[in-house]
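Below is the file query06.pdb, which contains PDB, C-alpha atoms.
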```pdb
MODEL        1
ATOM      1  CA  MET A   5     -79.994  59.838 -80.270
ATOM      2  CA  ALA A   6     -79.294  56.263 -79.250
ATOM      3  CA  SER A   7     -75.731  55.347 -78.012
ATOM      4  CA  THR A   8     -73.804  52.611 -79.738
ATOM      5  CA  HIS A   9     -71.535  52.002 -76.570
ATOM      6  CA  THR A  10     -71.516  48.419 -75.368
ATOM      7  CA  PRO A  11     -70.783  47.986 -71.653
ATOM      8  CA  ALA A  12     -67.813  45.781 -70.645
ATOM      9  CA  HIS A  13     -70.220  43.512 -68.799
ATOM     10  CA  PRO A  14     -73.825  42.863 -69.600
ATOM     11  CA  ALA A  15     -74.937  43.622 -66.118
ATOM     12  CA  GLY A  16     -72.808  46.724 -65.958
ATOM     13  CA  PRO A  17     -69.532  47.289 -64.225
ATOM     14  CA  ALA A  18     -68.772  44.936 -61.292
ATOM     15  CA  THR A  19     -69.017  46.344 -57.850
ATOM     16  CA  GLY A  20     -65.827  48.120 -56.938
ATOM     17  CA  THR A  21     -64.511  47.964 -60.562
ATOM     18  CA  ARG A  22     -64.269  50.871 -63.006
ATOM     19  CA  LEU A  23     -62.496  51.507 -66.218
ATOM     20  CA  LEU A  24     -59.236  53.285 -65.730
ATOM     21  CA  ASP A  25     -59.253  56.937 -66.730
ATOM     22  CA  HIS A  26     -56.852  57.841 -69.354
ATOM     23  CA  PRO A  27     -55.892  61.420 -69.820
ATOM     24  CA  GLY A  28     -56.784  62.667 -73.188
ATOM     25  CA  PRO A  29     -55.015  65.243 -75.137
ATOM     26  CA  ASP A  30     -56.539  67.935 -73.002
ATOM     27  CA  GLY A  31     -55.966  66.168 -69.643
ATOM     28  CA  PRO A  32     -58.185  63.794 -67.604
ATOM     29  CA  GLU A  33     -61.902  64.274 -67.677
ATOM     30  CA  ALA A  34     -64.421  63.077 -65.190
ATOM     31  CA  VAL A  35     -66.521  60.179 -66.319
ATOM     32  CA  GLY A  36     -70.038  59.723 -65.188
ATOM     33  CA  PRO A  37     -71.531  56.672 -63.584
ATOM     34  CA  GLU A  38     -72.407  55.187 -66.928
ATOM     35  CA  GLY A  39     -69.046  55.835 -68.508
ATOM     36  CA  LEU A  40     -70.413  58.946 -70.267
ATOM     37  CA  GLY A  41     -69.344  62.492 -70.078
ATOM     38  CA  PRO A  42     -70.289  64.751 -67.209
ATOM     39  CA  GLU A  43     -73.422  65.774 -68.970
ATOM     40  CA  GLY A  44     -74.550  62.359 -70.088
ATOM     41  CA  PHE A  45     -75.509  62.211 -73.684
ATOM     42  CA  GLY A  46     -75.021  65.908 -73.940
ATOM     43  CA  GLY A  47     -71.253  65.666 -73.332
ATOM     44  CA  ARG A  48     -68.370  64.405 -75.398
ATOM     45  CA  GLU A  49     -69.311  61.475 -77.511
ATOM     46  CA  ASP A  50     -67.799  58.003 -76.745
ATOM     47  CA  PHE A  51     -67.265  57.239 -80.310
ATOM     48  CA  GLY A  52     -64.024  56.890 -82.071
ATOM     49  CA  PRO A  53     -60.742  55.124 -81.607
ATOM     50  CA  GLU A  54     -59.974  56.744 -78.253
ATOM     51  CA  ALA A  55     -63.216  55.522 -76.752
ATOM     52  CA  GLU A  56     -62.623  52.061 -78.044
ATOM     53  CA  THR A  57     -59.178  52.016 -76.517
ATOM     54  CA  ASN A  58     -60.452  53.122 -73.120
ATOM     55  CA  ARG A  59     -62.962  50.299 -73.073
ATOM     56  CA  HIS A  60     -60.163  47.682 -73.274
ATOM     57  CA  ARG A  61     -57.882  49.103 -70.522
ATOM     58  CA  MET A  62     -57.046  47.089 -67.320
ATOM     59  CA  PRO A  63     -59.674  47.472 -64.622
ATOM     60  CA  ARG A  64     -58.538  49.426 -61.573
ATOM     61  CA  GLN A  65     -59.039  48.266 -57.957
ATOM     62  CA  THR A  66     -61.571  50.137 -55.941
ATOM     63  CA  ARG A  67     -60.644  52.154 -52.923
ATOM     64  CA  GLY A  68     -62.170  49.654 -50.473
ATOM     65  CA  ALA A  69     -60.064  46.768 -49.076
ATOM     66  CA  SER A  70     -57.283  47.202 -51.644
ATOM     67  CA  PRO A  71     -55.231  49.711 -49.625
ATOM     68  CA  LEU A  72     -55.413  47.477 -46.580
ATOM     69  CA  LEU A  73     -54.390  44.460 -48.581
ATOM     70  CA  GLY A  74     -51.481  46.422 -50.014
ATOM     71  CA  VAL A  75     -50.330  47.612 -46.611
ATOM     72  CA  THR A  76     -50.654  44.100 -45.244
ATOM     73  CA  ALA A  77     -48.547  42.724 -48.049
ATOM     74  CA  VAL A  78     -45.920  45.422 -47.576
ATOM     75  CA  ALA A  79     -45.904  44.851 -43.855
ATOM     76  CA  ALA A  80     -45.513  41.116 -44.383
ATOM     77  CA  THR A  81     -42.675  41.725 -46.807
ATOM     78  CA  LEU A  82     -40.965  44.161 -44.483
ATOM     79  CA  GLY A  83     -41.517  41.829 -41.563
ATOM     80  CA  ALA A  84     -39.777  39.079 -43.465
ATOM     81  CA  THR A  85     -37.000  41.300 -44.756
ATOM     82  CA  GLY A  86     -36.785  44.908 -43.694
ATOM     83  CA  PHE A  87     -38.175  44.658 -40.158
ATOM     84  CA  ALA A  88     -36.181  41.533 -39.498
ATOM     85  CA  SER A  89     -33.092  43.350 -40.658
ATOM     86  CA  ALA A  90     -33.955  46.497 -38.732
ATOM     87  CA  THR A  91     -34.403  44.587 -35.478
ATOM     88  CA  PRO A  92     -31.050  43.012 -34.436
ATOM     89  CA  ALA A  93     -31.369  39.298 -33.819
ATOM     90  CA  ALA A  94     -30.407  37.978 -30.418
ATOM     91  CA  ALA A  95     -26.800  36.850 -30.425
ATOM     92  CA  PRO A  96     -26.330  33.112 -29.910
ATOM     93  CA  ALA A  97     -25.537  32.214 -26.333
ATOM     94  CA  VAL A  98     -21.836  31.538 -25.851
ATOM     95  CA  GLU A  99     -20.764  29.923 -22.616
ATOM     96  CA  ALA A 100     -17.676  31.390 -21.124
ATOM     97  CA  PRO A 101     -15.109  28.955 -19.774
ATOM     98  CA  ASP A 102     -15.831  29.977 -16.209
ATOM     99  CA  GLU A 103     -19.519  29.224 -16.670
ATOM    100  CA  THR A 104     -18.860  25.498 -17.079
ATOM    101  CA  PRO A 105     -19.271  24.710 -13.327
ATOM    102  CA  VAL A 106     -22.682  26.403 -13.455
ATOM    103  CA  ALA A 107     -23.672  24.204 -16.362
ATOM    104  CA  LEU A 108     -22.314  21.153 -14.555
ATOM    105  CA  SER A 109     -24.183  21.975 -11.381
ATOM    106  CA  ALA A 110     -27.337  22.557 -13.382
ATOM    107  CA  ASP A 111     -27.082  19.019 -14.783
ATOM    108  CA  PRO A 112     -27.954  16.482 -12.038
ATOM    109  CA  GLY A 113     -25.903  13.760 -13.721
ATOM    110  CA  LEU A 114     -22.795  15.892 -14.017
ATOM    111  CA  ALA A 115     -23.235  17.202 -10.471
ATOM    112  CA  LEU A 116     -23.475  13.620  -9.184
ATOM    113  CA  ALA A 117     -20.371  12.663 -11.140
ATOM    114  CA  ALA A 118     -18.549  15.676  -9.693
ATOM    115  CA  ARG A 119     -19.555  14.684  -6.145
ATOM    116  CA  ILE A 120     -18.431  11.106  -6.762
ATOM    117  CA  GLN A 121     -15.099  12.375  -8.089
ATOM    118  CA  GLN A 122     -14.723  14.660  -5.066
ATOM    119  CA  GLN A 123     -15.445  11.755  -2.721
ATOM    120  CA  ALA A 124     -12.923   9.621  -4.592
ATOM    121  CA  ASP A 125     -10.318  12.379  -4.302
ATOM    122  CA  SER A 126     -11.047  12.725  -0.579
ATOM    123  CA  GLN A 127     -10.757   8.979  -0.082
ATOM    124  CA  ARG A 128      -7.504   8.892  -2.037
ATOM    125  CA  THR A 129      -6.142  11.759   0.043
ATOM    126  CA  ALA A 130      -7.199   9.984   3.239
ATOM    127  CA  ALA A 131      -5.591   6.762   2.017
ATOM    128  CA  GLU A 132      -2.362   8.585   1.189
ATOM    129  CA  GLU A 133      -2.337  10.266   4.605
ATOM    130  CA  SER A 134      -3.031   6.930   6.296
ATOM    131  CA  ALA A 135      -0.189   5.336   4.332
ATOM    132  CA  ARG A 136       2.117   8.187   5.296
ATOM    133  CA  VAL A 137       1.207   7.871   8.978
ATOM    134  CA  GLN A 138       1.617   4.100   8.817
ATOM    135  CA  ALA A 139       5.014   4.475   7.141
ATOM    136  CA  ALA A 140       6.078   6.955   9.830
ATOM    137  CA  GLN A 141       4.885   4.580  12.556
ATOM    138  CA  GLU A 142       6.718   1.680  10.955
ATOM    139  CA  ALA A 143       9.867   3.770  10.678
ATOM    140  CA  ALA A 144       9.545   4.779  14.339
ATOM    141  CA  ALA A 145       8.973   1.154  15.316
ATOM    142  CA  LYS A 146      12.029   0.084  13.332
ATOM    143  CA  ALA A 147      14.098   2.832  14.937
ATOM    144  CA  ALA A 148      12.865   1.802  18.395
ATOM    145  CA  ALA A 149      13.618  -1.853  17.654
ATOM    146  CA  LYS A 150      17.076  -0.900  16.409
ATOM    147  CA  GLU A 151      17.697   1.156  19.535
ATOM    148  CA  ALA A 152      16.464  -1.672  21.743
ATOM    149  CA  GLU A 153      18.718  -4.084  19.878
ATOM    150  CA  ALA A 154      21.637  -1.727  20.406
ATOM    151  CA  ARG A 155      20.831  -1.556  24.108
ATOM    152  CA  ARG A 156      20.606  -5.346  24.315
ATOM    153  CA  ALA A 157      23.919  -5.643  22.507
ATOM    154  CA  ALA A 158      25.491  -3.152  24.898
ATOM    155  CA  ASP A 159      24.071  -4.995  27.891
ATOM    156  CA  GLU A 160      25.299  -8.307  26.557
ATOM    157  CA  ALA A 161      28.707  -6.815  25.950
ATOM    158  CA  GLU A 162      28.687  -5.471  29.470
ATOM    159  CA  ARG A 163      27.640  -8.825  30.849
ATOM    160  CA  ALA A 164      30.250 -10.547  28.732
ATOM    161  CA  LYS A 165      32.801  -8.104  29.979
ATOM    162  CA  ALA A 166      31.669  -8.706  33.519
ATOM    163  CA  ALA A 167      31.820 -12.431  32.970
ATOM    164  CA  ALA A 168      35.178 -12.245  31.277
ATOM    165  CA  LEU A 169      37.981 -13.376  33.506
ATOM    166  CA  THR A 170      41.734 -13.229  33.263
ATOM    167  CA  LEU A 171      44.494 -14.925  35.164
ATOM    168  CA  PRO A 172      45.856 -12.783  38.013
ATOM    169  CA  VAL A 173      49.558 -13.269  37.138
ATOM    170  CA  LYS A 174      51.222 -13.605  33.760
ATOM    171  CA  ASP A 175      54.687 -14.961  34.551
ATOM    172  CA  TYR A 176      54.235 -17.693  37.196
ATOM    173  CA  ARG A 177      54.320 -21.329  38.092
ATOM    174  CA  LEU A 178      51.825 -23.185  40.264
ATOM    175  CA  SER A 179      53.539 -24.095  43.557
ATOM    176  CA  ALA A 180      50.575 -25.414  45.546
ATOM    177  CA  HIS A 181      47.021 -26.598  44.769
ATOM    178  CA  TYR A 182      43.743 -26.552  46.643
ATOM    179  CA  GLY A 183      43.358 -29.208  49.415
ATOM    180  CA  GLN A 184      47.005 -30.052  49.830
ATOM    181  CA  SER A 185      48.498 -30.582  53.278
ATOM    182  CA  ALA A 186      51.880 -29.576  54.593
ATOM    183  CA  ARG A 187      53.592 -29.356  57.903
ATOM    184  CA  TYR A 188      53.632 -25.594  57.853
ATOM    185  CA  TRP A 189      49.826 -25.344  57.245
ATOM    186  CA  ALA A 190      47.535 -25.807  60.154
ATOM    187  CA  HIS A 191      44.788 -26.993  57.811
ATOM    188  CA  LEU A 192      44.507 -28.171  54.247
ATOM    189  CA  HIS A 193      45.498 -25.660  51.622
ATOM    190  CA  THR A 194      42.508 -23.375  50.829
ATOM    191  CA  GLY A 195      43.751 -21.792  47.628
ATOM    192  CA  LEU A 196      45.966 -21.878  44.530
ATOM    193  CA  ASP A 197      49.537 -20.502  44.712
ATOM    194  CA  PHE A 198      51.080 -18.603  41.762
ATOM    195  CA  ALA A 199      54.839 -18.467  42.444
ATOM    196  CA  ALA A 200      56.474 -15.354  40.918
ATOM    197  CA  ASP A 201      59.151 -12.816  41.677
ATOM    198  CA  THR A 202      58.462 -10.149  44.222
ATOM    199  CA  GLY A 203      56.966  -7.088  42.558
ATOM    200  CA  THR A 204      55.333  -9.061  39.719
ATOM    201  CA  PRO A 205      52.030  -7.302  38.791
ATOM    202  CA  VAL A 206      48.826  -8.768  40.155
ATOM    203  CA  TYR A 207      45.675  -8.168  38.045
ATOM    204  CA  ALA A 208      42.006  -8.179  38.925
ATOM    205  CA  LEU A 209      40.509 -11.518  37.969
ATOM    206  CA  GLY A 210      37.229 -10.042  36.706
ATOM    207  CA  GLN A 211      34.996  -6.977  36.823
ATOM    208  CA  GLY A 212      34.029  -6.171  40.362
ATOM    209  CA  THR A 213      34.509  -3.954  43.373
ATOM    210  CA  ILE A 214      37.290  -3.939  45.897
ATOM    211  CA  THR A 215      35.524  -4.280  49.214
ATOM    212  CA  SER A 216      38.560  -4.772  51.456
ATOM    213  CA  ALA A 217      42.295  -4.059  51.284
ATOM    214  CA  GLY A 218      45.027  -4.175  53.990
ATOM    215  CA  TRP A 219      46.894  -6.351  56.419
ATOM    216  CA  SER A 220      45.236  -9.700  57.257
ATOM    217  CA  GLY A 221      47.481 -11.728  59.676
ATOM    218  CA  SER A 222      48.850 -14.957  58.151
ATOM    219  CA  TYR A 223      47.581 -13.764  54.709
ATOM    220  CA  GLY A 224      49.886 -10.769  54.882
ATOM    221  CA  TYR A 225      48.652  -7.856  52.703
ATOM    222  CA  ARG A 226      45.367  -8.875  51.173
ATOM    223  CA  ILE A 227      42.859  -7.444  48.699
ATOM    224  CA  VAL A 228      39.261  -8.754  48.584
ATOM    225  CA  GLU A 229      37.386  -8.206  45.297
ATOM    226  CA  THR A 230      33.625  -8.903  45.130
ATOM    227  CA  LEU A 231      32.296  -9.952  41.713
ATOM    228  CA  PRO A 232      28.771  -9.008  40.516
ATOM    229  CA  ASP A 233      27.384 -12.407  41.546
ATOM    230  CA  GLY A 234      28.713 -11.932  45.085
ATOM    231  CA  THR A 235      31.716 -14.235  44.740
ATOM    232  CA  GLU A 236      34.756 -12.995  46.679
ATOM    233  CA  ILE A 237      38.279 -13.258  45.255
ATOM    234  CA  TRP A 238      41.139 -13.054  47.804
ATOM    235  CA  TYR A 239      44.583 -11.845  46.684
ATOM    236  CA  CYS A 240      47.054 -12.625  49.511
ATOM    237  CA  HIS A 241      50.794 -12.217  50.516
ATOM    238  CA  LEU A 242      51.092  -8.995  48.450
ATOM    239  CA  SER A 243      54.161  -6.834  48.673
ATOM    240  CA  SER A 244      52.101  -3.723  47.930
ATOM    241  CA  ILE A 245      48.516  -2.627  47.298
ATOM    242  CA  ILE A 246      47.919  -0.436  44.254
ATOM    243  CA  LYS A 247      44.068  -0.368  44.145
ATOM    244  CA  GLY A 248      42.570  -0.382  47.636
ATOM    245  CA  SER A 249      38.885   0.456  46.827
ATOM    246  CA  GLY A 250      36.359   1.079  44.106
ATOM    247  CA  SER A 251      35.406  -0.785  40.977
ATOM    248  CA  VAL A 252      37.896  -2.624  38.813
ATOM    249  CA  THR A 253      37.890  -4.243  35.390
ATOM    250  CA  PRO A 254      39.375  -7.557  34.270
ATOM    251  CA  GLY A 255      43.166  -7.277  33.839
ATOM    252  CA  GLN A 256      43.458  -4.036  35.823
ATOM    253  CA  GLN A 257      46.532  -4.044  38.093
ATOM    254  CA  ILE A 258      45.613  -3.907  41.767
ATOM    255  CA  GLY A 259      48.862  -4.994  43.544
ATOM    256  CA  LYS A 260      52.202  -6.756  43.424
ATOM    257  CA  VAL A 261      53.433 -10.222  44.294
ATOM    258  CA  GLY A 262      55.169 -10.460  47.710
ATOM    259  CA  ALA A 263      56.043 -12.728  50.609
ATOM    260  CA  THR A 264      54.131 -11.158  53.480
ATOM    261  CA  GLY A 265      52.374 -13.237  56.125
ATOM    262  CA  ASN A 266      52.912 -16.974  56.680
ATOM    263  CA  VAL A 267      54.986 -17.918  53.585
ATOM    264  CA  THR A 268      58.242 -19.611  52.564
ATOM    265  CA  GLY A 269      58.780 -17.540  49.379
ATOM    266  CA  PRO A 270      57.194 -14.888  47.182
ATOM    267  CA  HIS A 271      53.947 -16.002  45.548
ATOM    268  CA  LEU A 272      50.263 -15.003  45.117
ATOM    269  CA  HIS A 273      47.855 -17.027  47.213
ATOM    270  CA  LEU A 274      44.435 -16.931  45.363
ATOM    271  CA  GLU A 275      41.189 -17.991  47.025
ATOM    272  CA  VAL A 276      37.632 -18.167  45.526
ATOM    273  CA  ARG A 277      34.702 -17.877  47.958
ATOM    274  CA  PRO A 278      31.225 -17.977  46.317
ATOM    275  CA  GLY A 279      28.809 -15.656  48.108
ATOM    276  CA  GLY A 280      31.560 -14.709  50.565
ATOM    277  CA  GLY A 281      31.366 -18.182  52.146
ATOM    278  CA  ALA A 282      33.724 -21.151  52.316
ATOM    279  CA  PRO A 283      36.495 -21.422  49.736
ATOM    280  CA  VAL A 284      36.278 -23.696  46.667
ATOM    281  CA  ASP A 285      38.984 -25.046  44.374
ATOM    282  CA  PRO A 286      40.162 -22.008  42.332
ATOM    283  CA  GLU A 287      41.612 -24.197  39.588
ATOM    284  CA  THR A 288      38.277 -25.956  38.932
ATOM    285  CA  TRP A 289      36.347 -22.674  39.153
ATOM    286  CA  LEU A 290      38.635 -21.022  36.562
ATOM    287  CA  GLU A 291      38.471 -23.999  34.223
ATOM    288  CA  GLN A 292      34.654 -23.864  34.314
ATOM    289  CA  ARG A 293      34.921 -20.299  32.997
ATOM    290  CA  GLY A 294      37.336 -21.048  30.207
ATOM    291  CA  LEU A 295      40.618 -20.369  31.970
ATOM    292  CA  THR A 296      43.347 -22.934  32.491
ATOM    293  CA  PRO A 297      45.924 -21.844  35.075
TER     294      PRO A 297
ENDMDL
END
```
Starting from the file, lay out its structure as structure tokens.
Amino acid sequence: MASTHTPAHPAGPATGTRLLDHPGPDGPEAVGPEGLGPEGFGGREDFGPEAETNRHRMPRQTRGASPLLGVTAVAATLGATGFASATPAAAPAVEAPDETPVALSADPGLALAARIQQQADSQRTAAEESARVQAAQEAAAKAAAKEAEARRAADEAERAKAAALTLPVKDYRLSAHYGQSARYWAHLHTGLDFAADTGTPVYALGQGTITSAGWSGSYGYRIVETLPDGTEIWYCHLSSIIKGSGSVTPGQQIGKVGATGNVTGPHLHLEVRPGGGAPVDPETWLEQRGLTP
């Protein structure tokens, strides 16, 4: 008996492609290589609506490369989704604040800038230290100059004090001048006479040292004062000696007016002997130093 079944393809089923089995009312049945029953033409006939339906079902993939392709697709899908989610992604690198110097040192430009800044800071520090030292030196120099000025002022004051002179008697009258002659003088008068009452104070003419004091013949009691420049001042005819040695200052009392020695009345006979030599006119000498007897 000839079969009326028409194959899906003229040349037969494509390699790796078969019609899908569909379970019948009694469950799935094996289909032979030609789409017939297990016993060929002797099995269940392929006629009827059920057979026609089976011929138009979707072809099923063969068991060759299909499982691999399916696994590959699943793997690709999981790799893009599931595997990526299952494997934690590396956290983005976050630089801690204290790692900044490492980053700076790793960058040659930043490292160079840091070195330049450090050099600038060092130079500024050196400049500040130099300025401080210079200021200290200037302050010390000013202090030294001020001290030297104070010393010069003190020396000048001392010299002025030494040069300062005062008249030897306050209440007096001039009774005889230098170079006068008289019958009771053997020679011309060698000094300047300050007539005053006996006991009138006699003062040191200037700053100096008393180098001699005592009786001196016709000069009576005499005091010799030597000034810093070596000039000798003679105070003669004293009634008493109050300062007989040591240094004296201008205006310091050293004796009293008297009438001792070769005299006609109480007075102070004053002589000026530059360098301890011959006497000069006391009146002129005093006037040259700002004093008018």
Using all atoms listed in the file, I'd like a table of the residues in region 161-245 of chain A that come within 6 Å of region 269-285 of chain A; for each, show the closest atom pair and its distance in Å rounded to one decimal, ordered by chain and ascending number, as a Markdown table.
```
| residue | atom | partner | partner_atom | distance |
| --- | --- | --- | --- | --- |
| A:Tyr182 | CA | A:Asp285 | CA | 5.5 |
| A:Gly195 | CA | A:Glu275 | CA | 4.6 |
| A:Leu196 | CA | A:Leu274 | CA | 5.2 |
| A:Asp197 | CA | A:His273 | CA | 4.6 |
| A:Phe198 | CA | A:Leu272 | CA | 5.0 |
| A:Ala199 | CA | A:His271 | CA | 4.1 |
| A:Ala200 | CA | A:His271 | CA | 5.3 |
| A:Thr202 | CA | A:Pro270 | CA | 5.7 |
| A:Gly234 | CA | A:Gly279 | CA | 4.8 |
| A:Thr235 | CA | A:Pro278 | CA | 4.1 |
| A:Glu236 | CA | A:Arg277 | CA | 5.0 |
| A:Ile237 | CA | A:Val276 | CA | 5.0 |
| A:Trp238 | CA | A:Glu275 | CA | 5.0 |
| A:Tyr239 | CA | A:Leu274 | CA | 5.3 |
| A:Cys240 | CA | A:His273 | CA | 5.0 |
```
Q: Pick out the residues sitting within 9 Å of Glu229 (chain A), and hand them over as a PyMOL selection string; count all atoms listed in the file, and ignore anything fewer than 4 positions along from it in its own chain.
A: chain A and resi 208-217+235-239+249+251-252
Q: State, in Å with one decimal place, the distance from CA of Ala135 (chain A) to CA of Gln121 (chain A).
A: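 Between CA of Ala135 (chain A) and CA of Gln121 (chain A) the gap is 20.6 Å.
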Q: For each of A:His181, A:Ala145, A:His193, A:Tyr225, take the minimum atom-to-atom distance to Gly265 (chain A), counting all atoms listed in the file, then give the residue where this is smallest.
A: A:Tyr225
Q) Of the candidates A:Arg163, A:Lys146, A:Lys260, A:Arg128, which one gets nearest to Leu231 (chain A) if we count all atoms listed in the file? A)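 Of A:Arg163, A:Lys146, A:Lys260, A:Arg128, the one nearest Leu231 (chain A) is A:Arg163, counting all atoms listed in the file.
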Q: Check which residues satisfy the PyMOL selection byres ((chain A and resi 294) around 12) in the file shown, then give them as a PyMOL selection string.
A: chain A and resi 167-171+287-293+295-297
Could you write those residues out with C-alpha atoms, as a PDB file, keeping the file's coordinate frame?
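See part_24.pdb below for the written result:
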```pdb
ATOM      1  CA  ALA A 167      31.820 -12.431  32.970  1.00  0.00           C
ATOM      2  CA  ALA A 168      35.178 -12.245  31.277  1.00  0.00           C
ATOM      3  CA  LEU A 169      37.981 -13.376  33.506  1.00  0.00           C
ATOM      4  CA  THR A 170      41.734 -13.229  33.263  1.00  0.00           C
ATOM      5  CA  LEU A 171      44.494 -14.925  35.164  1.00  0.00           C
ATOM      6  CA  GLU A 287      41.612 -24.197  39.588  1.00  0.00           C
ATOM      7  CA  THR A 288      38.277 -25.956  38.932  1.00  0.00           C
ATOM      8  CA  TRP A 289      36.347 -22.674  39.153  1.00  0.00           C
ATOM      9  CA  LEU A 290      38.635 -21.022  36.562  1.00  0.00           C
ATOM     10  CA  GLU A 291      38.471 -23.999  34.223  1.00  0.00           C
ATOM     11  CA  GLN A 292      34.654 -23.864  34.314  1.00  0.00           C
ATOM     12  CA  ARG A 293      34.921 -20.299  32.997  1.00  0.00           C
ATOM     13  CA  LEU A 295      40.618 -20.369  31.970  1.00  0.00           C
ATOM     14  CA  THR A 296      43.347 -22.934  32.491  1.00  0.00           C
ATOM     15  CA  PRO A 297      45.924 -21.844  35.075  1.00  0.00           C
TER      16      PRO A 297
END
```
Q.
For a quick check of understanding, using all atoms listed in the file, which of A:Val228, A:Val261, A:Ala143, A:Val173 has the smallest distance to His241 (chain A)?
A.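 Nearest to His241 (chain A): A:Val261.
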Q: Take CA of Glu153 (chain A) and CA of Arg136 (chain A) and report the distance between them in Å, one decimal.
A: 25.3 Å
Q. Interatomic distance between CA of Asn266 (chain A) and CA of Asp201 (chain A)?
A.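 CA of Asp201 (chain A) lies 16.8 Å from CA of Asn266 (chain A).
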